[in-house]
$ cat final-v1.cif   # mmCIF, C-alpha atoms
data_data
#
loop_
_atom_site.label_atom_id
_atom_site.label_comp_id
_atom_site.auth_asym_id
_atom_site.auth_seq_id
_atom_site.Cartn_x
_atom_site.Cartn_y
_atom_site.Cartn_z
CA MET A 1 22.82 41.87 5.99
CA PHE A 2 23.76 45.04 4.12
CA ILE A 3 26.76 45.59 6.39
CA ARG A 4 27.97 42.02 5.80
CA LEU A 5 27.75 42.48 2.04
CA THR A 6 29.58 45.78 2.31
CA LEU A 7 32.38 44.23 4.35
CA LEU A 8 32.62 41.36 1.87
CA THR A 9 32.82 43.81 -1.03
CA LEU A 10 35.55 45.77 0.71
CA ALA A 11 37.48 42.59 1.46
CA LEU A 12 37.32 41.62 -2.21
CA LEU A 13 38.39 45.13 -3.14
CA ARG A 14 41.46 44.88 -0.92
CA SER A 15 42.50 41.60 -2.50
CA THR A 16 42.19 42.97 -6.04
CA ALA A 17 43.22 46.59 -5.52
CA ALA A 18 46.73 45.98 -6.79
CA PHE A 19 45.33 45.01 -10.20
CA LEU A 20 42.93 47.94 -10.56
CA PRO A 21 43.62 51.54 -11.59
CA SER A 22 43.85 53.79 -8.54
CA GLY A 23 40.95 55.89 -9.80
CA THR A 24 38.74 52.81 -9.94
CA VAL A 25 39.72 51.78 -6.42
CA SER A 26 39.00 55.27 -5.13
CA PHE A 27 35.60 55.41 -6.85
CA ILE A 28 34.51 52.01 -5.50
CA ARG A 29 35.57 52.85 -1.96
CA GLN A 30 33.79 56.19 -2.09
CA ARG A 31 30.66 54.64 -3.54
CA ILE A 32 30.53 51.98 -0.83
CA ARG A 33 30.91 54.59 1.90
CA SER A 34 28.24 56.81 0.39
CA LEU A 35 25.77 53.92 0.46
CA SER A 36 26.76 52.35 3.77
CA PRO A 37 25.02 53.22 7.00
CA SER A 38 27.21 54.87 9.64
CA PRO A 39 26.56 52.84 12.78
CA PRO A 40 27.63 54.24 16.14
CA LEU A 41 30.90 52.85 17.40
CA SER A 42 29.00 50.98 20.08
CA SER A 43 27.61 48.60 17.47
CA THR A 44 30.84 47.83 15.69
CA ILE A 45 33.68 45.45 16.30
CA THR A 46 37.07 47.01 16.91
CA ASP A 47 38.45 46.18 13.47
CA HIS A 48 35.42 47.22 11.44
CA VAL A 49 35.71 49.13 8.19
CA THR A 50 34.95 52.79 8.84
CA THR A 51 32.07 54.16 6.75
CA HIS A 52 32.66 57.92 6.93
CA ALA A 53 32.36 59.42 3.44
CA MET A 54 35.51 61.40 2.70
CA SER A 55 35.94 64.03 0.03
CA PRO A 56 37.40 62.99 -3.34
CA GLU A 57 40.57 64.93 -2.49
CA ALA A 58 41.02 63.06 0.78
CA MET A 59 40.30 59.74 -0.93
CA ALA A 60 42.92 60.45 -3.58
CA ALA A 61 45.49 61.44 -0.96
CA MET A 62 44.78 58.31 1.04
CA ASP A 63 45.04 56.02 -1.99
CA SER A 64 48.32 57.69 -2.95
CA VAL A 65 49.84 56.99 0.48
CA ILE A 66 48.61 53.39 0.44
CA ALA A 67 50.10 52.85 -3.02
CA LYS A 68 53.48 54.32 -2.05
CA VAL A 69 53.69 52.28 1.15
CA SER A 70 52.64 49.06 -0.57
CA ALA A 71 55.28 49.59 -3.26
CA GLN A 72 57.99 49.61 -0.59
CA ILE A 73 57.02 46.16 0.72
CA PRO A 74 55.74 44.27 -2.35
CA ASP A 75 56.55 40.86 -0.86
CA GLN A 76 54.76 41.42 2.47
CA PRO A 77 51.00 41.20 1.81
CA LYS A 78 50.03 40.87 5.49
CA THR A 79 51.99 43.99 6.39
CA GLN A 80 50.48 45.79 3.40
CA GLN A 81 46.99 44.96 4.61
CA MET A 82 47.74 46.02 8.18
CA LEU A 83 49.27 49.33 7.11
CA SER A 84 46.49 50.02 4.59
CA HIS A 85 43.93 49.60 7.35
CA PHE A 86 45.88 51.94 9.63
CA ILE A 87 46.21 54.56 6.89
CA GLN A 88 42.49 54.42 6.12
CA GLU A 89 41.56 54.67 9.80
CA TYR A 90 43.84 57.66 10.36
CA PHE A 91 42.62 59.47 7.24
CA VAL A 92 38.99 59.05 8.23
CA ALA A 93 39.58 60.20 11.82
CA CYS A 94 41.51 63.28 10.66
CA ASP A 95 38.91 64.04 7.99
CA VAL A 96 36.15 63.98 10.60
CA GLY A 97 38.30 66.29 12.71
CA GLY A 98 38.70 68.73 9.83
CA GLN A 99 42.41 68.38 9.14
CA PRO A 100 43.45 69.09 5.51
CA SER A 101 44.21 65.87 3.64
CA GLU A 102 47.73 66.98 2.67
CA MET A 103 48.64 67.35 6.36
CA THR A 104 47.11 63.97 7.12
CA ALA A 105 49.12 62.38 4.32
CA GLU A 106 52.33 63.94 5.62
CA LYS A 107 51.75 62.77 9.18
CA ILE A 108 50.75 59.19 8.41
CA ALA A 109 53.59 58.85 5.91
CA SER A 110 56.09 59.99 8.53
CA ALA A 111 54.74 57.50 11.08
CA ILE A 112 55.08 54.62 8.66
CA GLN A 113 58.51 55.69 7.43
CA PHE A 114 59.77 56.00 11.01
CA GLY A 115 58.24 52.60 11.77
CA MET A 116 59.98 51.00 8.82
CA LYS A 117 63.31 52.64 9.64
CA TYR A 118 63.42 52.16 13.39
CA GLY A 119 61.14 49.15 13.75
CA MET A 120 62.02 46.97 10.77
CA GLY A 121 65.20 48.17 9.07
CA GLU A 122 68.92 47.96 9.74
CA ASP A 123 68.62 51.00 12.03
CA LYS A 124 66.08 49.29 14.31
CA TYR A 125 65.99 51.18 17.57
CA THR A 126 66.78 49.26 20.73
CA PHE A 127 65.54 50.48 24.10
CA GLY A 128 67.44 50.04 27.32
CA VAL A 129 65.73 49.38 30.65
CA SER A 130 65.48 53.16 31.05
CA HIS A 131 64.92 55.50 28.11
CA GLU A 132 65.10 59.27 27.89
CA ALA A 133 62.83 60.99 25.36
CA LEU A 134 64.59 61.91 22.12
CA ARG A 135 63.91 65.63 21.64
CA GLU A 136 66.76 66.57 19.28
CA PRO A 137 67.87 66.82 16.57
CA PHE A 138 64.32 65.58 15.88
CA ASP A 139 61.64 66.02 18.54
CA TYR A 140 59.79 62.69 18.69
CA TYR A 141 57.75 63.84 21.68
CA THR A 142 56.18 66.79 19.89
CA TRP A 143 55.81 64.76 16.71
CA GLY A 144 53.88 62.03 18.56
CA CYS A 145 51.56 64.56 20.18
CA ASP A 146 50.95 66.32 16.88
CA PHE A 147 50.23 63.00 15.18
CA PHE A 148 47.29 62.20 17.46
CA ARG A 149 46.11 65.77 18.10
CA PRO A 150 43.83 65.97 14.99
CA THR A 151 42.12 62.69 15.96
CA MET A 152 41.10 64.07 19.36
CA ASP A 153 37.95 66.12 19.87
CA LEU A 154 39.74 68.33 22.38
CA SER A 155 36.96 70.93 22.57
CA ASN A 156 34.63 68.28 24.01
CA SER A 157 37.28 66.52 26.08
CA VAL A 158 37.19 66.68 29.87
CA VAL A 159 39.75 67.11 32.66
CA LEU A 160 38.53 66.51 36.20
CA GLY A 161 40.53 67.06 39.37
CA ASP A 162 42.88 69.62 37.90
CA GLU A 163 43.52 70.91 41.43
CA ASN A 164 44.83 67.45 42.32
CA LEU A 165 46.97 67.45 39.19
CA LYS A 166 48.49 70.80 40.08
CA GLU A 167 49.16 69.67 43.63
CA ALA A 168 50.88 66.54 42.31
CA PHE A 169 53.20 68.54 40.09
CA ARG A 170 53.89 71.02 42.89
CA GLN A 171 55.15 68.03 44.85
CA VAL A 172 57.30 66.98 41.90
CA ALA A 173 58.72 70.52 41.63
CA ALA A 174 59.59 70.33 45.33
CA GLY A 175 61.76 67.28 44.66
CA GLU A 176 59.25 64.66 45.75
CA ASN A 177 58.00 61.72 43.69
CA VAL A 178 54.52 61.17 42.29
CA VAL A 179 53.09 57.92 40.95
CA PHE A 180 49.90 58.05 38.87
CA LEU A 181 47.99 54.75 39.21
CA ALA A 182 46.03 54.66 35.98
CA ASN A 183 43.73 52.50 33.97
CA HIS A 184 44.98 51.99 30.43
CA GLN A 185 42.69 52.12 27.39
CA SER A 186 44.66 52.83 24.23
CA GLU A 187 48.12 52.93 22.69
CA ALA A 188 47.77 56.70 22.55
CA ASP A 189 47.41 57.12 26.33
CA PRO A 190 50.75 58.96 26.70
CA GLN A 191 49.60 61.46 24.07
CA VAL A 192 46.17 61.66 25.71
CA PHE A 193 47.77 62.48 29.06
CA SER A 194 50.13 65.03 27.53
CA LEU A 195 47.51 66.93 25.55
CA LEU A 196 45.05 67.08 28.43
CA LEU A 197 47.78 68.23 30.81
CA GLU A 198 48.59 70.86 28.20
CA LYS A 199 44.92 71.86 28.22
CA VAL A 200 45.14 72.81 31.92
CA GLY A 201 48.47 74.62 31.63
CA LEU A 202 50.79 71.73 32.50
CA GLY A 203 52.39 71.19 29.11
CA GLU A 204 55.99 71.40 30.35
CA GLU A 205 55.25 69.00 33.20
CA ALA A 206 53.62 66.57 30.77
CA ALA A 207 56.86 66.15 28.84
CA GLN A 208 58.68 65.05 32.01
CA VAL A 209 56.35 62.17 32.91
CA ARG A 210 57.99 58.75 32.79
CA TYR A 211 55.87 55.79 31.64
CA ILE A 212 56.19 52.19 32.76
CA ALA A 213 56.20 50.54 29.33
CA GLY A 214 55.46 46.96 28.37
CA HIS A 215 57.39 45.10 25.70
CA LYS A 216 54.94 45.85 22.88
CA VAL A 217 55.53 49.59 22.78
CA THR A 218 59.27 49.03 22.50
CA THR A 219 59.21 46.20 19.95
CA ASP A 220 56.21 46.85 17.69
CA PRO A 221 57.44 48.65 14.54
CA LEU A 222 54.62 51.21 14.49
CA ALA A 223 54.84 51.89 18.22
CA ILE A 224 58.61 52.35 18.39
CA PRO A 225 58.79 55.93 16.96
CA PHE A 226 56.17 57.15 19.43
CA SER A 227 58.00 55.45 22.30
CA MET A 228 61.26 57.10 21.24
CA GLY A 229 59.70 60.42 22.26
CA ARG A 230 58.81 59.29 25.77
CA ASN A 231 60.64 58.87 29.05
CA LEU A 232 60.28 55.16 29.77
CA LEU A 233 61.05 52.40 32.20
CA CYS A 234 60.80 49.23 30.14
CA ILE A 235 59.35 46.14 31.75
CA HIS A 236 57.68 42.85 30.84
CA SER A 237 54.17 42.61 32.26
CA LYS A 238 52.91 39.54 34.07
CA LYS A 239 50.44 38.91 31.24
CA HIS A 240 53.19 38.41 28.66
CA ILE A 241 56.26 37.23 30.57
CA ASP A 242 55.20 33.58 30.34
CA ALA A 243 54.39 33.68 26.61
CA ASP A 244 57.77 32.17 25.69
CA PRO A 245 59.32 29.91 28.38
CA GLU A 246 62.73 30.10 26.72
CA THR A 247 62.95 33.87 27.11
CA LYS A 248 61.37 34.03 30.57
CA PRO A 249 64.71 34.13 32.49
CA ALA A 250 65.98 36.99 30.31
CA LYS A 251 62.72 38.90 30.80
CA GLN A 252 62.89 38.42 34.56
CA LYS A 253 66.49 39.65 34.56
CA GLN A 254 65.46 42.75 32.59
CA ASN A 255 62.65 43.44 35.05
CA LEU A 256 65.13 43.37 37.94
CA GLN A 257 67.37 45.79 36.06
CA THR A 258 64.38 48.05 35.45
CA MET A 259 63.50 48.05 39.15
CA SER A 260 67.07 49.04 39.95
CA ALA A 261 66.90 51.88 37.40
CA MET A 262 63.56 53.05 38.80
CA LEU A 263 64.89 53.10 42.36
CA LYS A 264 67.84 55.19 41.21
CA ILE A 265 65.47 57.69 39.54
CA MET A 266 63.23 57.87 42.60
CA ARG A 267 66.19 58.42 44.92
CA LYS A 268 67.05 61.54 42.92
CA GLY A 269 63.53 62.82 43.58
CA GLY A 270 61.29 64.95 41.41
CA ALA A 271 60.02 61.97 39.39
CA SER A 272 56.51 61.70 37.95
CA LEU A 273 55.67 58.12 37.01
CA TRP A 274 52.65 56.75 35.10
CA VAL A 275 51.82 53.08 35.60
CA ALA A 276 48.86 50.86 34.73
CA PRO A 277 48.70 48.33 37.60
CA SER A 278 46.40 46.12 35.52
CA GLY A 279 49.33 45.29 33.23
CA GLY A 280 47.35 45.97 30.05
CA ARG A 281 44.56 47.84 28.33
CA ASP A 282 40.88 47.79 29.26
CA ARG A 283 38.93 45.61 26.83
CA ARG A 284 35.36 45.79 25.60
CA ASP A 285 32.90 43.44 27.28
CA VAL A 286 32.00 41.24 24.30
CA SER A 287 29.10 39.64 26.19
CA VAL A 288 27.12 42.88 25.93
CA SER A 289 24.73 43.10 22.99
CA LEU A 290 26.13 45.04 20.04
CA SER A 291 22.94 47.10 20.09
CA GLU A 292 23.93 48.50 23.50
CA PRO A 293 26.63 51.08 24.30
CA PRO A 294 29.91 49.22 24.71
CA SER A 295 30.86 48.44 28.29
CA ILE A 296 34.56 48.98 28.93
CA PRO A 297 35.18 47.66 32.44
CA ILE A 298 38.32 48.90 34.18
CA ALA A 299 40.79 46.02 34.26
CA PRO A 300 41.57 44.97 37.85
CA PHE A 301 44.65 46.48 39.45
CA ASP A 302 47.29 43.97 40.47
CA SER A 303 48.04 44.51 44.16
CA LYS A 304 51.58 43.11 43.81
CA THR A 305 52.37 45.74 41.20
CA VAL A 306 51.05 48.49 43.45
CA ASP A 307 52.98 47.00 46.39
CA MET A 308 56.19 47.13 44.38
CA PHE A 309 55.78 50.85 43.69
CA ARG A 310 55.01 51.53 47.33
CA LEU A 311 58.12 49.57 48.29
CA MET A 312 60.26 51.50 45.80
CA GLY A 313 58.90 54.75 47.22
CA ASN A 314 59.80 53.72 50.75
CA LYS A 315 63.26 52.49 49.75
CA SER A 316 64.00 55.72 47.90
CA LYS A 317 63.82 57.67 51.19
CA VAL A 318 62.13 60.45 49.18
CA PRO A 319 58.48 61.35 49.90
CA THR A 320 56.39 59.51 47.30
CA HIS A 321 52.76 60.31 46.56
CA PHE A 322 50.16 58.16 44.81
CA TYR A 323 47.28 59.56 42.78
CA PRO A 324 44.44 57.62 41.11
CA LEU A 325 44.18 58.53 37.42
CA ALA A 326 41.13 57.62 35.35
CA MET A 327 41.57 57.73 31.59
CA VAL A 328 38.89 57.71 28.89
CA SER A 329 40.49 56.99 25.52
CA TYR A 330 39.07 53.65 24.38
CA GLU A 331 37.20 55.10 21.41
CA LEU A 332 40.28 56.97 20.20
CA CYS A 333 42.24 53.78 19.47
CA PRO A 334 40.06 50.76 20.27
CA PRO A 335 42.27 47.76 21.10
CA PRO A 336 41.53 44.21 19.93
CA ASP A 337 38.90 42.45 22.01
CA THR A 338 41.39 39.73 22.95
CA ILE A 339 44.93 39.96 24.29
CA GLU A 340 47.58 39.18 21.69
CA ALA A 341 51.04 38.18 22.90
CA GLY A 342 52.82 39.17 19.69
CA VAL A 343 53.28 42.50 17.95
CA GLY A 344 51.71 43.84 14.76
CA GLU A 345 48.10 44.18 15.90
CA ARG A 346 45.58 45.90 13.69
CA ARG A 347 45.37 49.62 14.50
CA ASN A 348 42.03 51.38 14.82
CA VAL A 349 41.68 55.15 15.08
CA ARG A 350 38.52 57.18 15.75
CA TYR A 351 37.93 60.91 16.08
CA SER A 352 36.75 61.05 19.66
CA PRO A 353 36.68 63.15 22.83
CA ILE A 354 38.97 61.95 25.60
CA GLY A 355 39.23 62.54 29.32
CA ILE A 356 41.30 62.24 32.47
CA ALA A 357 40.23 62.47 36.10
CA VAL A 358 42.77 62.70 38.92
CA GLY A 359 41.53 61.88 42.39
CA LYS A 360 42.92 63.01 45.70
CA GLU A 361 46.17 61.48 46.89
CA VAL A 362 45.85 57.95 48.25
CA PRO A 363 47.63 57.99 51.64
CA ASN A 364 50.67 55.71 51.52
CA VAL A 365 50.31 54.36 55.03
CA GLY A 366 50.34 50.89 56.52
CA GLY A 367 52.37 47.82 55.67
CA LEU A 368 51.62 44.53 53.95
CA GLU A 369 48.47 44.06 55.99
CA CYS A 370 46.99 47.15 54.28
CA ARG A 371 48.12 46.46 50.73
CA HIS A 372 44.81 45.12 49.44
CA ALA A 373 42.88 48.01 50.97
CA PHE A 374 45.29 50.49 49.36
CA THR A 375 44.93 48.91 45.91
CA GLU A 376 41.16 48.56 46.21
CA HIS A 377 40.81 52.19 47.25
CA ALA A 378 42.93 53.36 44.32
CA GLN A 379 40.89 51.29 41.86
CA GLU A 380 37.59 52.48 43.29
CA GLU A 381 38.73 56.07 42.83
CA VAL A 382 39.69 55.34 39.22
CA GLN A 383 36.34 53.67 38.54
CA GLY A 384 34.47 56.60 40.04
CA GLY A 385 36.50 59.08 38.02
CA TYR A 386 35.93 57.10 34.85
CA LYS A 387 32.16 57.10 35.35
CA GLN A 388 32.13 60.84 35.97
CA LEU A 389 34.24 61.48 32.88
CA VAL A 390 31.87 59.55 30.62
CA GLU A 391 28.86 61.36 32.08
CA ASN A 392 30.51 64.76 31.61
CA ILE A 393 31.54 64.03 28.03
CA ARG A 394 27.99 62.93 27.28
CA GLU A 395 26.73 66.35 28.33
CA ASN A 396 28.56 67.76 25.30
CA VAL A 397 28.38 65.04 22.66
CA PRO A 398 26.54 61.72 22.15
CA PHE A 399 29.49 59.75 23.55
CA ARG A 400 29.13 56.04 23.00
CA CYS A 401 30.94 54.25 25.83
CA ALA A 402 28.83 53.10 28.76
CA ALA A 403 29.62 54.59 32.15
#

$ encode --input "final-v1.cif" --output "structure tokens"
Amino acid sequence: MFIRLTLLTLALLRSTAAFLPSGTVSFIRQRIRSLSPSPPLSSTITDHVTTHAMSPEAMAAMDSVIAKVSAQIPDQPKTQQMLSHFIQEYFVACDVGGQPSEMTAEKIASAIQFGMKYGMGEDKYTFGVSHEALREPFDYYTWGCDFFRPTMDLSNSVVLGDENLKEAFRQVAAGENVVFLANHQSEADPQVFSLLLEKVGLGEEAAQVRYIAGHKVTTDPLAIPFSMGRNLLCIHSKKHIDADPETKPAKQKQNLQTMSAMLKIMRKGGASLWVAPSGGRDRRDVSVSLSEPPSIPIAPFDSKTVDMFRLMGNKSKVPTHFYPLAMVSYELCPPPDTIEAGVGERRNVRYSPIGIAVGKEVPNVGGLECRHAFTEHAQEEVQGGYKQLVENIRENVPFRCAA
């Protein structure tokens, strides 16, 4: 009951904040947080209001950023609300992680300004079917990593199978191709992969990975700047290609162009590709009681997607290796509980440990008759790695996701 009243009070505060002095808004927010319980993430919905009590300095910095951003879009209340939530989430996560509030303000302001410029303005960035990371004159790759770094509890994060990782990148260095078959948990997964590769001495290799990207990360205003810093192959996933029948033929045409671009890249050799064969992020099991640790089942791999990558590997005439990659990042940026076809979803950010586990290479043998066994084996390896990651993280911190 108390939490409901708190959420109602905060909702009323949001709707009236524009008419109140900033000092009053800051005081009310701080007072609510100081009184509110801090439930574990397992007992909260993904768009809950965070209750961490920030310092007055951090509160003032956060309110200043919110005010400046809102002033730039006075006639867009929905966008104001969405961005205000994102700013608050990021400030809280960085405050928990110990980052100075002035650095947090600078980073979140840059993300929103880039989003407005390249995602909403006249200079909106358009991605081709294949995109090379923009590293100069501004380095969007490093900027994206540095944006999420303070929200990650890297000291308690876990990397398993680093010997398999190093073998994979030795194969890449030898001119062969590697495909990481991964589960997908958050929008920050590219940054998660990069920073954990960096943790085991593979920072340079991390920057060369190419991600198979769905339409959201290349069309959502907030996602666009982060995607600009990544090597991408842009595709429409099966889950979203039918959302608009009128654009389906164009999407299918783009997918064919992307496959052609991918084959060209693989024929050159030395490619490292990251793909989520499920076609989307893992979602929380909403049937589980909120009093229990959240269950985040690994979304099923689509065998046709895996088949396509095996086919591209064979057609490239370059040795292509497949590695199962388990990723734990749900708590870092919890996605909505339901799939949304459009862009502009509400962003949630939590200070959290993360993890990756890379299994041994899945032998790429057999034809169509073996495709289901290949996919099932890859998914089983990912599920096993995920469970081990959660258990290992829990040895260090009271991690909340269920294994």

$ axis_aligned_box --input "final-v1.cif" --around "region 123-126 of chain A" --padding-each-side "4 Å" --output "JSON"
{"center_x": 67.3, "center_y": 50.2, "center_z": 16.4, "size_x": 10.6, "size_y": 9.9, "size_z": 16.7}

$ closest_residue --input "final-v1.cif" --among "A:Val159, A:Ala53, A:Val306, A:Met120" --to "Val192 (chain A)" --atoms "all atoms listed in the file"
A:Val159

$ residues_near_point --input "final-v1.cif" --point "(56.5, 67.6, 24.0)" --cutoff "9 Å" --atoms "all atoms listed in the file" --output "short mmCIF file (atom, residue, chain, number, x, y, z; two decimals) with C-alpha atoms, in the frame of the given file"
data_model
loop_
_atom_site.label_atom_id
_atom_site.label_comp_id
_atom_site.auth_asym_id
_atom_site.auth_seq_id
_atom_site.Cartn_x
_atom_site.Cartn_y
_atom_site.Cartn_z
CA ARG A 135 63.91 65.63 21.64
CA ASP A 139 61.64 66.02 18.54
CA TYR A 140 59.79 62.69 18.69
CA TYR A 141 57.75 63.84 21.68
CA THR A 142 56.18 66.79 19.89
CA TRP A 143 55.81 64.76 16.71
CA GLY A 144 53.88 62.03 18.56
CA CYS A 145 51.56 64.56 20.18
CA SER A 194 50.13 65.03 27.53
CA GLY A 203 52.39 71.19 29.11
CA GLU A 204 55.99 71.40 30.35
CA ALA A 206 53.62 66.57 30.77
CA ALA A 207 56.86 66.15 28.84
CA GLN A 208 58.68 65.05 32.01
CA GLY A 229 59.70 60.42 22.26
CA ARG A 230 58.81 59.29 25.77
#

$ closest_residue --input "final-v1.cif" --among "A:Gly269, A:Pro336, A:Gly214, A:Gly115" --to "Phe226 (chain A)" --atoms "all atoms listed in the file"
A:Gly115

$ residues_around --input "final-v1.cif" --residues "Pro319 (chain A)" --least-positions-apart "6" --cutoff "10 Å" --atoms "all atoms listed in the file" --output "list in words"
Gln171, Val172, Gly175, Glu176, Asn177, Val178, Met266, Arg267, Gly269, Gly270, Gly313 and Asn364 of chain A

$ write_last_selection --input "final-v1.cif" --atoms "C-alpha atoms" --output "compact mmCIF listing (two decimals), in the frame of the given file"
# COMPACT_ATOMS: atom_id res chain seq x y z
CA GLN A 171 55.15 68.03 44.85
CA VAL A 172 57.30 66.98 41.90
CA GLY A 175 61.76 67.28 44.66
CA GLU A 176 59.25 64.66 45.75
CA ASN A 177 58.00 61.72 43.69
CA VAL A 178 54.52 61.17 42.29
CA MET A 266 63.23 57.87 42.60
CA ARG A 267 66.19 58.42 44.92
CA GLY A 269 63.53 62.82 43.58
CA GLY A 270 61.29 64.95 41.41
CA GLY A 313 58.90 54.75 47.22
CA ASN A 364 50.67 55.71 51.52

$ closest_residue --input "final-v1.cif" --among "A:Ser55, A:Ser287, A:Ser130, A:Asn255" --to "Asn231 (chain A)" --atoms "all atoms listed in the file"
A:Ser130

$ closest_residue --input "final-v1.cif" --among "A:Met54, A:Gln88, A:Phe114, A:Ser303" --to "Ile66 (chain A)" --atoms "only C-alpha atoms"
A:Gln88

$ closest_residue --input "final-v1.cif" --among "A:Leu273, A:Val382, A:Ala250, A:Val69" --to "Ala357 (chain A)" --atoms "all atoms listed in the file"
A:Val382

$ resolve_selection --input "final-v1.cif" --expression "the PyMOL selection byres ((chain A and resi 185) around 8)" --output "list in words"
Asn183, His184, Ser186, Glu187, Asp189, Arg281, Asp282, Arg283, Met327, Val328, Ser329, Tyr330, Pro334 and Pro335 of chain A

$ resolve_selection --input "final-v1.cif" --expression "the PyMOL selection byres ((chain A and resi 359) around 8)" --output "PyMOL selection string"
chain A and resi 161+164+323-325+357-358+360-361+381-382+385

$ closest_residue --input "final-v1.cif" --among "A:Val179, A:Phe193, A:Leu256, A:Gly384" --to "Phe309 (chain A)" --atoms "only C-alpha atoms"
A:Val179

$ resolve_selection --input "final-v1.cif" --expression "the PyMOL selection byres ((chain A and resi 151) around 9)" --output "ChimeraX atom specification"
/A:90,93-97,99,147-150,152-154,332,349-353

$ write_last_selection --input "final-v1.cif" --atoms "C-alpha atoms" --output "CSV table (one decimal), in the frame of the given file"
chain,number,residue,atom,x,y,z
A,90,TYR,CA,43.8,57.7,10.4
A,93,ALA,CA,39.6,60.2,11.8
A,94,CYS,CA,41.5,63.3,10.7
A,95,ASP,CA,38.9,64.0,8.0
A,96,VAL,CA,36.2,64.0,10.6
A,97,GLY,CA,38.3,66.3,12.7
A,99,GLN,CA,42.4,68.4,9.1
A,147,PHE,CA,50.2,63.0,15.2
A,148,PHE,CA,47.3,62.2,17.5
A,149,ARG,CA,46.1,65.8,18.1
A,150,PRO,CA,43.8,66.0,15.0
A,152,MET,CA,41.1,64.1,19.4
A,153,ASP,CA,38.0,66.1,19.9
A,154,LEU,CA,39.7,68.3,22.4
A,332,LEU,CA,40.3,57.0,20.2
A,349,VAL,CA,41.7,55.2,15.1
A,350,ARG,CA,38.5,57.2,15.8
A,351,TYR,CA,37.9,60.9,16.1
A,352,SER,CA,36.8,61.0,19.7
A,353,PRO,CA,36.7,63.2,22.8

$ residues_around --input "final-v1.cif" --residues "Arg284 (chain A)" --least-positions-apart "3" --cutoff "8 Å" --atoms "only C-alpha atoms" --output "tab-separated table (two decimals) with C-alpha atoms, in the coordinates of the input"
chain	number	residue	atom	x	y	z
A	294	PRO	CA	29.91	49.22	24.71
A	295	SER	CA	30.86	48.44	28.29
A	296	ILE	CA	34.56	48.98	28.93
A	297	PRO	CA	35.18	47.66	32.44
A	337	ASP	CA	38.90	42.45	22.01

$ residues_near_point --input "final-v1.cif" --point "(45.0, 53.1, 4.1)" --cutoff "10 Å" --atoms "all atoms listed in the file" --output "PDB file with C-alpha atoms, keeping the file's coordinate frame"
ATOM      1  CA  MET A  59      40.300  59.740  -0.930  1.00  0.00           C
ATOM      2  CA  ALA A  61      45.490  61.440  -0.960  1.00  0.00           C
ATOM      3  CA  MET A  62      44.780  58.310   1.040  1.00  0.00           C
ATOM      4  CA  ASP A  63      45.040  56.020  -1.990  1.00  0.00           C
ATOM      5  CA  SER A  64      48.320  57.690  -2.950  1.00  0.00           C
ATOM      6  CA  VAL A  65      49.840  56.990   0.480  1.00  0.00           C
ATOM      7  CA  ILE A  66      48.610  53.390   0.440  1.00  0.00           C
ATOM      8  CA  ALA A  67      50.100  52.850  -3.020  1.00  0.00           C
ATOM      9  CA  VAL A  69      53.690  52.280   1.150  1.00  0.00           C
ATOM     10  CA  SER A  70      52.640  49.060  -0.570  1.00  0.00           C
ATOM     11  CA  GLN A  80      50.480  45.790   3.400  1.00  0.00           C
ATOM     12  CA  GLN A  81      46.990  44.960   4.610  1.00  0.00           C
ATOM     13  CA  MET A  82      47.740  46.020   8.180  1.00  0.00           C
ATOM     14  CA  LEU A  83      49.270  49.330   7.110  1.00  0.00           C
ATOM     15  CA  SER A  84      46.490  50.020   4.590  1.00  0.00           C
ATOM     16  CA  HIS A  85      43.930  49.600   7.350  1.00  0.00           C
ATOM     17  CA  PHE A  86      45.880  51.940   9.630  1.00  0.00           C
ATOM     18  CA  ILE A  87      46.210  54.560   6.890  1.00  0.00           C
ATOM     19  CA  GLN A  88      42.490  54.420   6.120  1.00  0.00           C
ATOM     20  CA  GLU A  89      41.560  54.670   9.800  1.00  0.00           C
ATOM     21  CA  TYR A  90      43.840  57.660  10.360  1.00  0.00           C
ATOM     22  CA  PHE A  91      42.620  59.470   7.240  1.00  0.00           C
ATOM     23  CA  VAL A  92      38.990  59.050   8.230  1.00  0.00           C
ATOM     24  CA  ILE A 108      50.750  59.190   8.410  1.00  0.00           C
TER      25      ILE A 108
END

$ atom_distance --input "final-v1.cif" --atom1 "CA of Ala58 (chain A)" --atom2 "CA of Phe138 (chain A)"
27.9 Å
